[in-house]
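Have a look at data_39.csv; it's CSV, C-alpha atoms and all ligand atoms:
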```csv
chain,number,residue,atom,x,y,z
M,1,MET,CA,63.4,83.5,71.6
M,2,ARG,CA,63.4,86.0,74.5
M,3,THR,CA,66.3,85.3,76.7
M,4,VAL,CA,66.8,87.0,80.1
M,5,ILE,CA,70.3,86.9,81.6
M,6,VAL,CA,70.7,87.9,85.2
M,7,GLY,CA,74.2,89.5,85.8
M,8,ALA,CA,76.3,91.7,83.7
M,9,GLY,CA,79.6,90.2,84.9
M,10,LEU,CA,82.2,88.6,82.6
M,11,VAL,CA,80.2,85.4,82.0
M,12,GLY,CA,76.7,87.0,81.8
M,13,LEU,CA,77.9,89.5,79.2
M,14,THR,CA,79.8,86.8,77.2
M,15,THR,CA,76.7,84.6,77.3
M,16,ALA,CA,74.5,87.5,76.1
M,17,ALA,CA,76.8,88.1,73.1
M,18,SER,CA,77.1,84.4,72.3
M,19,LEU,CA,73.3,83.8,72.4
M,20,ALA,CA,72.7,87.0,70.3
M,21,LEU,CA,74.6,85.2,67.6
M,22,LEU,CA,71.8,82.6,67.5
M,23,GLY,CA,69.3,85.4,67.0
M,24,HIS,CA,68.0,85.4,70.6
M,25,ASP,CA,66.3,88.6,71.7
M,26,VAL,CA,68.6,89.0,74.7
M,27,ILE,CA,68.2,91.3,77.8
M,28,VAL,CA,70.7,91.5,80.6
M,29,LEU,CA,69.5,92.5,84.1
M,30,GLU,CA,72.1,93.9,86.4
M,31,HIS,CA,71.5,95.2,89.9
M,32,ALA,CA,74.5,97.5,90.1
M,33,SER,CA,74.1,101.0,88.7
M,34,GLU,CA,76.9,100.4,86.1
M,35,VAL,CA,78.7,97.6,84.4
M,36,ARG,CA,81.7,97.2,86.6
M,37,ALA,CA,84.3,94.5,87.3
M,38,ALA,CA,85.6,94.0,90.8
M,39,GLY,CA,89.2,93.1,90.6
M,40,ALA,CA,92.4,94.0,88.9
M,41,GLY,CA,93.4,91.7,86.1
M,42,ILE,CA,92.1,88.4,85.0
M,43,GLY,CA,94.1,85.6,83.4
M,44,LEU,CA,92.3,84.1,80.4
M,45,TRP,CA,93.4,80.9,78.7
M,46,GLU,CA,93.2,80.1,75.0
M,47,ASN,CA,89.9,78.2,75.5
M,48,ALA,CA,88.2,81.4,76.6
M,49,LEU,CA,89.7,83.5,73.9
M,50,ARG,CA,88.2,81.1,71.3
M,51,GLU,CA,84.7,82.1,72.5
M,52,PHE,CA,85.7,85.7,72.2
M,53,ASP,CA,86.7,85.0,68.6
M,54,HIS,CA,83.2,83.6,68.0
M,55,ILE,CA,81.6,86.8,69.3
M,56,GLY,CA,84.0,88.9,67.2
M,57,VAL,CA,86.2,90.5,69.9
M,58,GLY,CA,89.1,88.0,70.2
M,59,ASP,CA,91.6,90.2,68.6
M,60,VAL,CA,90.6,93.3,70.6
M,61,VAL,CA,90.8,91.3,73.8
M,62,ARG,CA,94.3,90.0,72.8
M,63,GLY,CA,95.3,93.7,72.3
M,64,LEU,CA,94.0,94.7,75.7
M,65,GLY,CA,96.0,92.2,77.6
M,66,GLU,CA,99.6,91.1,78.3
M,67,LYS,CA,100.7,87.6,77.2
M,68,ILE,CA,102.0,85.8,80.3
M,69,ASP,CA,104.5,82.9,80.2
M,70,THR,CA,104.2,81.4,83.6
M,71,TRP,CA,107.1,80.6,85.8
M,72,PHE,CA,106.8,79.5,89.4
M,73,PHE,CA,109.4,80.2,92.1
M,74,ASP,CA,110.1,78.8,95.5
M,75,PRO,CA,110.5,81.2,98.4
M,76,ALA,CA,114.3,81.4,97.9
M,77,GLY,CA,113.7,82.6,94.3
M,78,ARG,CA,114.5,79.4,92.4
M,79,PRO,CA,112.5,79.2,89.1
M,80,ILE,CA,110.5,76.0,88.7
M,81,ARG,CA,108.7,74.7,85.7
M,82,SER,CA,107.5,71.2,85.0
M,83,ALA,CA,109.5,69.8,82.1
M,84,ARG,CA,106.7,67.3,81.2
M,85,TYR,CA,104.5,70.0,79.7
M,86,GLN,CA,104.7,72.3,76.6
M,87,ASP,CA,105.2,76.1,76.6
M,88,ALA,CA,101.6,76.4,75.4
M,89,ASP,CA,100.4,74.9,78.7
M,90,HIS,CA,102.1,77.8,80.6
M,91,ARG,CA,100.6,80.6,78.5
M,92,PHE,CA,97.7,82.9,79.2
M,93,LEU,CA,96.6,86.4,78.7
M,94,LEU,CA,96.3,88.8,81.6
M,95,VAL,CA,93.6,91.4,80.9
M,96,PRO,CA,92.5,94.4,82.9
M,97,ARG,CA,89.0,93.4,84.1
M,98,PRO,CA,87.2,96.8,83.8
M,99,ALA,CA,88.3,97.3,80.2
M,100,LEU,CA,87.2,93.7,79.4
M,101,ASN,CA,83.7,94.2,80.8
M,102,THR,CA,83.3,97.5,79.1
M,103,LEU,CA,84.2,95.9,75.8
M,104,LEU,CA,81.8,93.1,76.4
M,105,ALA,CA,79.0,95.5,77.4
M,106,ASP,CA,79.5,97.5,74.2
M,107,THR,CA,79.5,94.3,72.2
M,108,VAL,CA,76.2,93.1,73.7
M,109,GLY,CA,74.8,96.7,73.2
M,110,ARG,CA,74.1,99.0,76.1
M,111,ASP,CA,70.4,99.1,75.1
M,112,ARG,CA,70.1,95.4,76.0
M,113,ILE,CA,71.5,95.9,79.5
M,114,ARG,CA,69.1,97.1,82.2
M,115,LEU,CA,71.1,98.5,85.1
M,116,GLY,CA,69.8,99.0,88.6
M,117,THR,CA,67.5,96.0,88.2
M,118,HIS,CA,67.5,93.5,91.0
M,119,VAL,CA,66.1,90.1,90.3
M,120,THR,CA,64.4,88.4,93.3
M,121,GLY,CA,63.2,85.1,91.8
M,122,PHE,CA,61.4,83.3,89.0
M,123,THR,CA,58.7,80.8,88.3
M,124,GLU,CA,58.9,78.3,85.5
M,125,HIS,CA,55.6,77.7,83.6
M,126,ASP,CA,55.0,75.2,80.7
M,127,THR,CA,55.1,78.0,78.1
M,128,HIS,CA,57.5,80.5,79.6
M,129,VAL,CA,59.5,81.6,82.7
M,130,ALA,CA,58.3,84.6,84.8
M,131,VAL,CA,61.2,86.6,86.2
M,132,ARG,CA,60.5,88.7,89.3
M,133,LEU,CA,62.2,92.1,89.9
M,134,ALA,CA,62.5,94.0,93.1
M,135,ASN,CA,60.4,96.8,91.8
M,136,GLY,CA,57.4,94.4,91.5
M,137,GLU,CA,57.7,94.1,87.8
M,138,GLU,CA,57.5,90.6,86.2
M,139,LEU,CA,59.3,89.8,82.9
M,140,ARG,CA,58.3,87.0,80.6
M,141,ALA,CA,61.1,85.0,79.0
M,142,ASP,CA,61.5,81.8,77.0
M,143,LEU,CA,64.9,81.2,78.6
M,144,LEU,CA,66.4,82.5,81.9
M,145,ILE,CA,70.2,82.4,82.5
M,146,GLY,CA,71.5,82.8,86.0
M,147,ALA,CA,74.9,84.5,85.6
M,148,ASP,CA,74.6,86.3,88.9
M,149,GLY,CA,77.8,85.1,90.6
M,150,VAL,CA,78.7,83.1,93.6
M,151,TYR,CA,75.7,84.5,95.7
M,152,SER,CA,73.3,83.8,92.8
M,153,GLY,CA,69.6,84.5,93.5
M,154,VAL,CA,68.7,82.5,90.5
M,155,ARG,CA,70.5,79.5,92.0
M,156,ALA,CA,68.7,80.1,95.3
M,157,SER,CA,65.3,80.0,93.5
M,158,LEU,CA,66.2,76.9,91.5
M,159,LEU,CA,67.9,75.1,94.4
M,160,PRO,CA,67.0,76.5,97.9
M,161,GLY,CA,69.7,75.7,100.4
M,162,SER,CA,72.6,75.9,97.9
M,163,GLU,CA,74.3,78.9,99.5
M,164,ALA,CA,78.0,79.5,98.8
M,165,VAL,CA,80.3,78.3,101.6
M,166,GLU,CA,83.6,79.7,102.9
M,167,HIS,CA,86.7,78.1,101.6
M,168,GLY,CA,88.6,77.2,104.8
M,169,GLY,CA,90.0,80.6,105.9
M,170,HIS,CA,91.1,81.3,102.3
M,171,TYR,CA,91.7,85.0,101.6
M,172,ALA,CA,93.1,86.9,98.6
M,173,TRP,CA,94.6,90.4,98.3
M,174,ARG,CA,95.5,92.1,95.1
M,175,ALA,CA,95.9,95.5,93.5
M,176,LEU,CA,96.8,97.1,90.2
M,177,VAL,CA,99.7,99.6,90.5
M,178,PRO,CA,101.9,101.5,88.1
M,179,SER,CA,104.7,99.4,86.8
M,180,GLY,CA,108.3,100.1,87.7
M,181,GLY,CA,111.2,98.3,89.2
M,182,GLU,CA,109.9,94.8,88.7
M,183,ARG,CA,112.2,91.9,88.1
M,184,PRO,CA,113.0,91.1,84.4
M,185,GLU,CA,111.3,87.7,84.8
M,186,GLY,CA,108.0,89.6,84.6
M,187,THR,CA,105.7,87.0,86.1
M,188,VAL,CA,106.8,86.1,89.5
M,189,LEU,CA,104.4,83.7,91.2
M,190,THR,CA,106.0,82.3,94.4
M,191,ILE,CA,104.9,79.3,96.3
M,192,GLY,CA,105.8,80.2,99.9
M,193,ALA,CA,105.6,79.0,103.4
M,194,ALA,CA,102.4,78.8,105.6
M,195,ARG,CA,100.1,77.9,102.6
M,196,THR,CA,100.8,81.3,101.0
M,197,ARG,CA,101.2,82.0,97.3
M,198,GLY,CA,101.6,85.2,95.4
M,199,GLY,CA,103.7,87.6,93.3
M,200,TYR,CA,103.1,89.9,90.5
M,201,ALA,CA,102.6,90.1,86.8
M,202,PRO,CA,102.5,92.9,84.2
M,203,VAL,CA,99.0,93.9,83.0
M,204,ALA,CA,98.7,96.1,79.9
M,205,GLU,CA,99.1,99.9,79.9
M,206,GLY,CA,102.2,100.1,82.1
M,207,ARG,CA,100.5,98.5,85.1
M,208,THR,CA,101.4,95.6,87.3
M,209,MET,CA,99.1,93.4,89.4
M,210,TRP,CA,100.3,92.0,92.6
M,211,MET,CA,98.3,89.2,94.3
M,212,ILE,CA,98.7,87.3,97.6
M,213,ASN,CA,96.6,84.5,98.8
M,214,GLN,CA,96.7,82.3,101.9
M,215,PHE,CA,94.7,79.3,102.9
M,216,ASP,CA,93.9,79.0,106.7
M,217,ALA,CA,94.8,82.7,107.0
M,218,GLY,CA,93.7,83.0,110.6
M,219,GLU,CA,92.7,86.2,112.3
M,220,LEU,CA,92.8,89.3,110.1
M,221,VAL,CA,94.5,92.2,112.0
M,222,GLY,CA,95.3,95.7,110.9
M,223,SER,CA,94.7,97.4,107.6
M,224,LYS,CA,94.3,95.5,104.3
M,225,ARG,CA,97.9,96.5,103.5
M,226,ASP,CA,99.2,95.1,106.8
M,227,ARG,CA,97.3,91.9,106.2
M,228,ALA,CA,98.7,91.5,102.7
M,229,LEU,CA,102.3,92.4,103.9
M,230,LEU,CA,102.1,89.9,106.7
M,231,ARG,CA,101.4,87.1,104.2
M,232,ALA,CA,103.8,88.4,101.6
M,233,ARG,CA,106.7,87.9,104.0
M,234,HIS,CA,106.1,84.1,103.6
M,235,LEU,CA,107.2,84.6,100.0
M,236,ALA,CA,110.3,86.7,100.5
M,237,GLU,CA,112.8,84.4,102.2
M,238,GLY,CA,116.3,85.9,102.2
M,239,GLY,CA,115.4,89.0,100.4
M,240,TRP,CA,113.9,87.4,97.3
M,241,HIS,CA,110.7,89.4,96.7
M,242,ASP,CA,111.6,92.4,98.7
M,243,ASP,CA,110.4,94.2,95.5
M,244,LEU,CA,106.9,92.7,96.2
M,245,LEU,CA,107.0,93.9,99.8
M,246,ALA,CA,107.9,97.4,98.6
M,247,MET,CA,105.2,97.3,96.0
M,248,ILE,CA,102.5,96.4,98.5
M,249,ALA,CA,103.9,98.9,101.1
M,250,ARG,CA,103.4,101.8,98.6
M,251,THR,CA,99.9,100.7,97.4
M,252,PRO,CA,97.2,103.0,98.7
M,253,GLU,CA,94.9,101.3,101.1
M,254,ASP,CA,91.8,102.0,99.0
M,255,ALA,CA,93.4,100.4,96.0
M,256,ILE,CA,93.7,97.0,97.7
M,257,LEU,CA,91.1,94.4,97.2
M,258,GLU,CA,90.6,91.8,99.9
M,259,ASN,CA,88.4,88.8,99.2
M,260,ARG,CA,87.2,86.1,101.5
M,261,ILE,CA,87.0,83.1,99.1
M,262,MET,CA,83.6,81.5,98.8
M,263,LEU,CA,82.8,78.3,96.9
M,264,VAL,CA,79.6,77.1,95.4
M,265,PRO,CA,78.9,73.5,96.6
M,266,GLU,CA,78.4,70.8,94.1
M,267,LEU,CA,74.9,71.2,92.9
M,268,PRO,CA,72.3,68.4,92.2
M,269,THR,CA,71.4,70.2,89.0
M,270,TRP,CA,72.3,73.3,87.0
M,271,THR,CA,69.2,73.7,84.9
M,272,GLY,CA,65.4,73.5,84.7
M,273,ALA,CA,63.4,73.2,81.5
M,274,ARG,CA,63.9,76.9,80.8
M,275,VAL,CA,66.5,78.0,83.3
M,276,ALA,CA,70.3,77.5,83.3
M,277,LEU,CA,73.1,78.6,85.6
M,278,VAL,CA,76.4,79.7,84.1
M,279,GLY,CA,79.7,81.0,85.5
M,280,ASP,CA,80.2,81.4,89.2
M,281,ALA,CA,76.5,81.0,89.8
M,282,ALA,CA,76.9,77.3,88.8
M,283,HIS,CA,80.5,76.6,89.9
M,284,GLY,CA,82.1,79.3,91.9
M,285,LEU,CA,85.6,77.9,92.4
M,286,SER,CA,88.6,78.9,94.5
M,287,PRO,CA,90.8,81.3,92.5
M,288,HIS,CA,94.0,79.4,93.2
M,289,ILE,CA,93.6,77.7,89.8
M,290,ALA,CA,92.9,81.1,88.2
M,291,ALA,CA,90.4,79.6,85.8
M,292,GLY,CA,86.8,80.3,87.1
M,293,GLY,CA,86.2,83.0,84.6
M,294,THR,CA,87.8,81.1,81.7
M,295,LEU,CA,85.6,78.1,82.4
M,296,GLY,CA,82.6,80.3,82.8
M,297,ILE,CA,83.3,81.6,79.3
M,298,GLU,CA,83.4,78.0,78.1
M,299,ASP,CA,79.9,77.6,79.6
M,300,ALA,CA,78.7,80.3,77.2
M,301,GLY,CA,80.2,78.5,74.2
M,302,VAL,CA,78.7,75.1,75.2
M,303,LEU,CA,75.3,76.7,75.8
M,304,ARG,CA,75.4,78.4,72.4
M,305,THR,CA,76.4,75.2,70.7
M,306,GLU,CA,73.7,73.0,72.4
M,307,LEU,CA,71.0,75.6,71.8
M,308,ALA,CA,71.9,75.7,68.1
M,309,ALA,CA,71.9,71.9,67.7
M,310,ALA,CA,69.1,70.6,69.9
M,311,PRO,CA,65.5,70.2,68.8
M,312,ASP,CA,64.2,72.1,71.8
M,313,THR,CA,65.4,74.2,74.7
M,314,ALA,CA,64.9,71.6,77.4
M,315,THR,CA,67.0,69.1,75.5
M,316,ALA,CA,69.7,71.7,74.9
M,317,LEU,CA,69.8,72.6,78.6
M,318,ALA,CA,70.0,68.9,79.6
M,319,ARG,CA,72.9,68.4,77.2
M,320,TYR,CA,74.6,71.5,78.4
M,321,GLU,CA,74.3,70.4,82.0
M,322,ARG,CA,75.6,66.9,81.3
M,323,SER,CA,78.7,68.1,79.5
M,324,ARG,CA,79.6,70.9,82.0
M,325,ARG,CA,79.0,68.9,85.2
M,326,ALA,CA,81.3,66.1,83.9
M,327,ARG,CA,84.0,68.7,83.1
M,328,PHE,CA,83.7,70.3,86.5
M,329,ASP,CA,84.0,66.9,88.3
M,330,GLU,CA,87.5,66.9,86.8
M,331,VAL,CA,88.2,70.6,87.5
M,332,ARG,CA,87.4,70.0,91.2
M,333,GLU,CA,89.9,67.1,91.3
M,334,HIS,CA,92.6,69.2,89.8
M,335,SER,CA,91.8,72.2,92.0
M,336,THR,CA,92.1,70.1,95.2
M,337,ALA,CA,95.4,68.6,93.9
M,338,VAL,CA,96.8,72.1,93.3
M,339,GLU,CA,95.6,73.3,96.6
M,340,LEU,CA,97.2,70.5,98.5
M,341,ALA,CA,100.5,70.6,96.6
M,342,ASP,CA,103.4,70.3,99.0
M,343,GLY,CA,106.0,72.9,98.0
M,344,ALA,CA,106.8,74.8,94.8
M,345,ALA,CA,107.9,71.8,92.7
M,346,GLU,CA,104.8,69.8,93.3
M,347,PHE,CA,102.7,72.9,92.8
M,348,ALA,CA,104.3,73.7,89.4
M,349,GLU,CA,103.8,70.1,88.3
M,350,ARG,CA,100.1,69.9,89.4
M,351,TYR,CA,99.3,73.4,88.0
M,352,ALA,CA,100.8,72.5,84.6
M,353,ALA,CA,98.9,69.2,84.7
M,354,PHE,CA,95.7,71.2,85.2
M,355,SER,CA,96.3,73.8,82.5
M,356,HIS,CA,97.4,71.0,80.1
M,357,TRP,CA,94.2,69.0,80.8
M,358,MET,CA,92.0,72.1,80.6
M,359,LEU,CA,93.4,73.2,77.2
M,360,THR,CA,93.6,69.8,75.6
M,361,THR,CA,90.1,68.7,76.6
M,362,ALA,CA,88.3,72.1,76.0
M,363,PRO,CA,84.9,71.6,74.3
M,364,ALA,CA,84.8,72.1,70.6
M,365,THR,CA,82.2,74.9,70.3
L,401,LIG,C1,91.0,86.8,93.7
L,401,LIG,C2,90.5,86.2,92.5
L,401,LIG,C3,91.3,86.0,91.3
L,401,LIG,C4,90.8,85.3,90.2
L,401,LIG,N1,91.6,85.1,89.1
L,401,LIG,C5,91.1,84.6,88.0
L,401,LIG,C6,91.9,84.4,86.8
L,401,LIG,O1,93.0,84.8,86.8
L,401,LIG,N2,91.3,83.7,85.7
L,401,LIG,C7,90.0,83.3,85.7
L,401,LIG,O2,89.6,82.7,84.7
L,401,LIG,N3,89.2,83.5,86.8
L,401,LIG,C8,89.7,84.1,87.9
L,401,LIG,N4,88.9,84.3,89.0
L,401,LIG,C9,87.5,83.8,89.0
L,401,LIG,C10,86.7,84.8,88.2
L,401,LIG,O3,86.9,86.1,88.7
L,401,LIG,C11,85.2,84.5,88.3
L,401,LIG,O4,85.0,83.1,87.9
L,401,LIG,C12,84.4,85.3,87.3
L,401,LIG,O5,84.6,86.7,87.5
L,401,LIG,C13,82.9,85.0,87.4
L,401,LIG,O6,82.2,85.8,86.6
L,401,LIG,P1,80.6,85.8,86.6
L,401,LIG,O7,80.1,86.6,85.5
L,401,LIG,O8,80.1,84.3,86.7
L,401,LIG,O9,80.2,86.4,88.0
L,401,LIG,P2,80.4,87.9,88.6
L,401,LIG,O10,81.6,88.5,88.0
L,401,LIG,O11,80.3,87.7,90.1
L,401,LIG,O12,79.1,88.6,88.0
L,401,LIG,C14,77.8,88.5,88.6
L,401,LIG,C15,77.0,89.7,88.3
L,401,LIG,O13,75.7,89.5,88.7
L,401,LIG,C16,75.2,90.7,89.3
L,401,LIG,N5,74.1,90.2,90.2
L,401,LIG,C17,74.2,89.4,91.3
L,401,LIG,N6,73.0,89.2,91.8
L,401,LIG,C18,72.0,89.8,91.1
L,401,LIG,C19,70.6,90.0,91.1
L,401,LIG,N7,69.9,89.3,92.0
L,401,LIG,N8,70.0,90.7,90.2
L,401,LIG,C20,70.8,91.4,89.2
L,401,LIG,N9,72.1,91.3,89.1
L,401,LIG,C21,72.8,90.5,90.0
L,401,LIG,C22,76.4,91.2,90.1
L,401,LIG,O14,76.2,92.6,90.4
L,401,LIG,C23,77.5,91.0,89.0
L,401,LIG,O15,77.6,92.0,88.1
L,401,LIG,C24,89.4,84.9,90.2
L,401,LIG,C25,88.6,85.2,91.3
L,401,LIG,C26,89.1,85.8,92.4
L,401,LIG,C27,88.2,86.0,93.6
```
Show me the file's structure as structure tokens.
Amino acid sequence: MRTVIVGAGLVGLTTAASLALLGHDVIVLEHASEVRAAGAGIGLWENALREFDHIGVGDVVRGLGEKIDTWFFDPAGRPIRSARYQDADHRFLLVPRPALNTLLADTVGRDRIRLGTHVTGFTEHDTHVAVRLANGEELRADLLIGADGVYSGVRASLLPGSEAVEHGGHYAWRALVPSGGERPEGTVLTIGAARTRGGYAPVAEGRTMWMINQFDAGELVGSKRDRALLRARHLAEGGWHDDLLAMIARTPEDAILENRIMLVPELPTWTGARVALVGDAAHGLSPHIAAGGTLGIEDAGVLRTELAAAPDTATALARYERSRRARFDEVREHSTAVELADGAAEFAERYAAFSHWMLTTAPAT
């Protein structure tokens, strides 16, 4: 089976390694000139790590990251955690993104990744799918996977008019900085005023990631550092989190990532007879639940399992779509509940409810 995967991001690379386990002849097409990962660290939950176990890199990934035991804080610095949930519901692994994508690319095999290759569209035929490249070339595949992110061209070909939409003035700022002087609590995520949330957490190798996000952020004025600092002040009532303000103030401007948050609208379908969307291409979510990547890795596991079990590709893709869309109906409900949480206590409760639900209902793959 010749499988073409568009996008060498976290989910495309994981899907490539997962389908290679089934004996698929996999090729990954990536329009960037290198395998890269925009962003600092990514929080991965146990359901994602299980798929990494399947492809044989679970222990290496665990070694790359830092185990995080989540605590939330109100803007006055009071720690808050819902007592209704277990410790396991508050645990994830924070992994440096570039190291993770490098590991996954090595696992897939560099000779299976074609860099500098922009996909412009595809046509499904009865016997195959023809994948069109910007250089005029056409590749023939038995299966095409769109893992090309929130602005997916594969999705645009499958479902014209399904462009990503802006998430109500929602912006995120983050950076990876050398560790030093942080609070002993380690992970300090504060639910602040003016719909602002943020804090910092240790990532492996003596580095700390700070992140700030705000819904309805209004006009963006000044440098990225100014913009992040302006929002971070909503988290630092009465001196709590002055360390976060200092950390942002000393971060070089070019090390700061600023993202306008985009969402993929609910789609009428995720698949064709020989085409499937995975990861952000299918379900680009708001990062305030910090689980888009984790759930995209679940997509890879479900796709692998259905392709192994079904009598033919079209049936496998239909089963994949049914199971993933049902899961994402619930993810969206949790995501909205967390977004609309009123204050730190409600946020902590709703976030724990989400992570508990995600972990206890994860597909067996
Ligand atoms: C601020 C922020 C914080 C987040 N934190 C977390 C977190 O803690 N935990 C978590 O699980 N998730 C988190 N997420 C979500 C997570 O980052 C995404 O869900 C995940 O990275 C999506 O991976 P992907 O492989 O689907 O897409 P991408 O990483 O976007 O990869 C898509 C790839 O496709 C390539 N591509 C695009 N178009 C084409 C084309 N036409 N031809 C060829 N190649 C193409 C791109 O160059 C890219 O390499 C966060 C997101 C944000 C914005």
Within 7 Å of ligand LIG 401 (chain L) (counting all atoms listed in the file), which residues show up? I'd like them as a ChimeraX atom specification. /M:6-12,29-32,35-37,41-44,117-120,147-153,172-173,259,261,278-281,284-285,287,290-296
Nearest residue to His241 of chain M out of M:Val129, M:Ile27, M:Ala76, M:Met211, using all atoms listed in the file?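 The closest residue to His241 of chain M is M:Ala76.
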Using atom CA of Asp216 of chain M and atom CA of Ala232 of chain M as the two end points, give the distance in Å to one decimal.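 Spanning atom CA of Asp216 of chain M to atom CA of Ala232 of chain M is a straight-line distance of 14.6 Å.
With only C-alpha atoms as the atoms that count, the minimum distance from Asp242 of chain M to the choices M:Leu158, M:Val60, M:Leu229, M:Leu49 is reached by M:Leu229.
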M:Gly146, M:Asp25, M:Ala337, M:Leu303 ranked by distance to Ala282 of chain M, top pick (using only C-alpha atoms):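 Residue with the minimum atom-to-atom distance to Ala282 of chain M: M:Gly146.
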For His283 of chain M, which residue among M:Pro202, M:Phe215, M:Ala316, M:Arg327 is the nearest when counting only C-alpha atoms? M:Arg327
With a distance cut-off of 12 Å and all atoms listed in the file, select the neighbouring residues of Glu237 of chain M, excluding the residue or stretch itself and same-chain residues fewer than 5 positions from it, and output the selection as a PyMOL selection string. chain M and resi 73-78+190-193+231-232+242+244-245
Can you list, as an mmCIF file with C-alpha atoms, in the frame of the given file, every protein, DNA or RNA residue that comes within 8 Å of Tyr85 of chain M when you count only C-alpha atoms, leaving out same-chain residues fewer than 6 positions away?
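So out-v8.cif came out as:
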```
data_model
loop_
_atom_site.group_PDB
_atom_site.id
_atom_site.type_symbol
_atom_site.label_atom_id
_atom_site.label_comp_id
_atom_site.auth_asym_id
_atom_site.auth_seq_id
_atom_site.Cartn_x
_atom_site.Cartn_y
_atom_site.Cartn_z
ATOM 1 C CA ALA M 352 100.800 72.500 84.600
ATOM 2 C CA ALA M 353 98.900 69.200 84.700
ATOM 3 C CA HIS M 356 97.400 71.000 80.100
#
```
Contacts of Gly180 of chain M within 9 Å, all atoms listed in the file, excl. fewer than 6 positions in-chain, as a tab-separated table (two decimals) with C-alpha atoms, in the coordinates of the input:
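Full text of around_16.tsv as output:
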```tsv
chain	number	residue	atom	x	y	z
M	206	GLY	CA	102.20	100.10	82.10
M	207	ARG	CA	100.50	98.50	85.10
M	208	THR	CA	101.40	95.60	87.30
```
Leaving out Asn213 of chain M and any residue of its chain fewer than 4 positions from it, which residues lie within 6 Å of it when counting all atoms listed in the file, given as a list of chain:residue names? M:Tyr171, M:Ala172, M:Thr196, M:Arg197
Do you know which residues are at most 12 Å from Arg110 of chain M counting all atoms listed in the file, after dropping those on the same chain fewer than 4 positions away, and could you put them as a ChimeraX atom specification? /M:8,13,16-17,26-30,34-35,101-106,114-115
Rounded to one decimal, what separation in Å do you get between atom CA of His170 of chain M and atom CA of Gly218 of chain M?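 Straight-line distance from atom CA of His170 of chain M to atom CA of Gly218 of chain M works out to 8.9 Å.
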Just add N, CA and C atoms to segment 159-172 of chain M and send it as a CSV table (one decimal), in the frame of the given file.
```csv
chain,number,residue,atom,x,y,z
M,159,LEU,N,67.4,76.1,93.5
M,159,LEU,CA,67.9,75.1,94.4
M,159,LEU,C,68.0,75.7,95.8
M,160,PRO,N,66.9,75.9,96.5
M,160,PRO,CA,67.0,76.5,97.9
M,160,PRO,C,68.0,75.7,98.7
M,161,GLY,N,68.8,76.4,99.5
M,161,GLY,CA,69.7,75.7,100.4
M,161,GLY,C,71.1,75.5,99.7
M,162,SER,N,71.3,76.1,98.6
M,162,SER,CA,72.6,75.9,97.9
M,162,SER,C,73.5,77.1,98.1
M,163,GLU,N,73.5,77.7,99.2
M,163,GLU,CA,74.3,78.9,99.5
M,163,GLU,C,75.8,78.6,99.3
M,164,ALA,N,76.6,79.6,98.9
M,164,ALA,CA,78.0,79.5,98.8
M,164,ALA,C,78.6,79.3,100.2
M,165,VAL,N,79.7,78.6,100.3
M,165,VAL,CA,80.3,78.3,101.6
M,165,VAL,C,81.7,78.9,101.6
M,166,GLU,N,82.2,79.2,102.8
M,166,GLU,CA,83.6,79.7,102.9
M,166,GLU,C,84.6,78.7,102.6
M,167,HIS,N,85.7,79.1,102.0
M,167,HIS,CA,86.7,78.1,101.6
M,167,HIS,C,87.8,78.1,102.7
M,168,GLY,N,87.6,77.4,103.7
M,168,GLY,CA,88.6,77.2,104.8
M,168,GLY,C,89.6,78.3,105.1
M,169,GLY,N,89.1,79.5,105.5
M,169,GLY,CA,90.0,80.6,105.9
M,169,GLY,C,90.8,81.1,104.7
M,170,HIS,N,90.4,80.9,103.5
M,170,HIS,CA,91.1,81.3,102.3
M,170,HIS,C,90.8,82.8,102.0
M,171,TYR,N,91.9,83.6,101.9
M,171,TYR,CA,91.7,85.0,101.6
M,171,TYR,C,92.7,85.4,100.5
M,172,ALA,N,92.2,86.4,99.6
M,172,ALA,CA,93.1,86.9,98.6
M,172,ALA,C,93.2,88.4,98.7
```
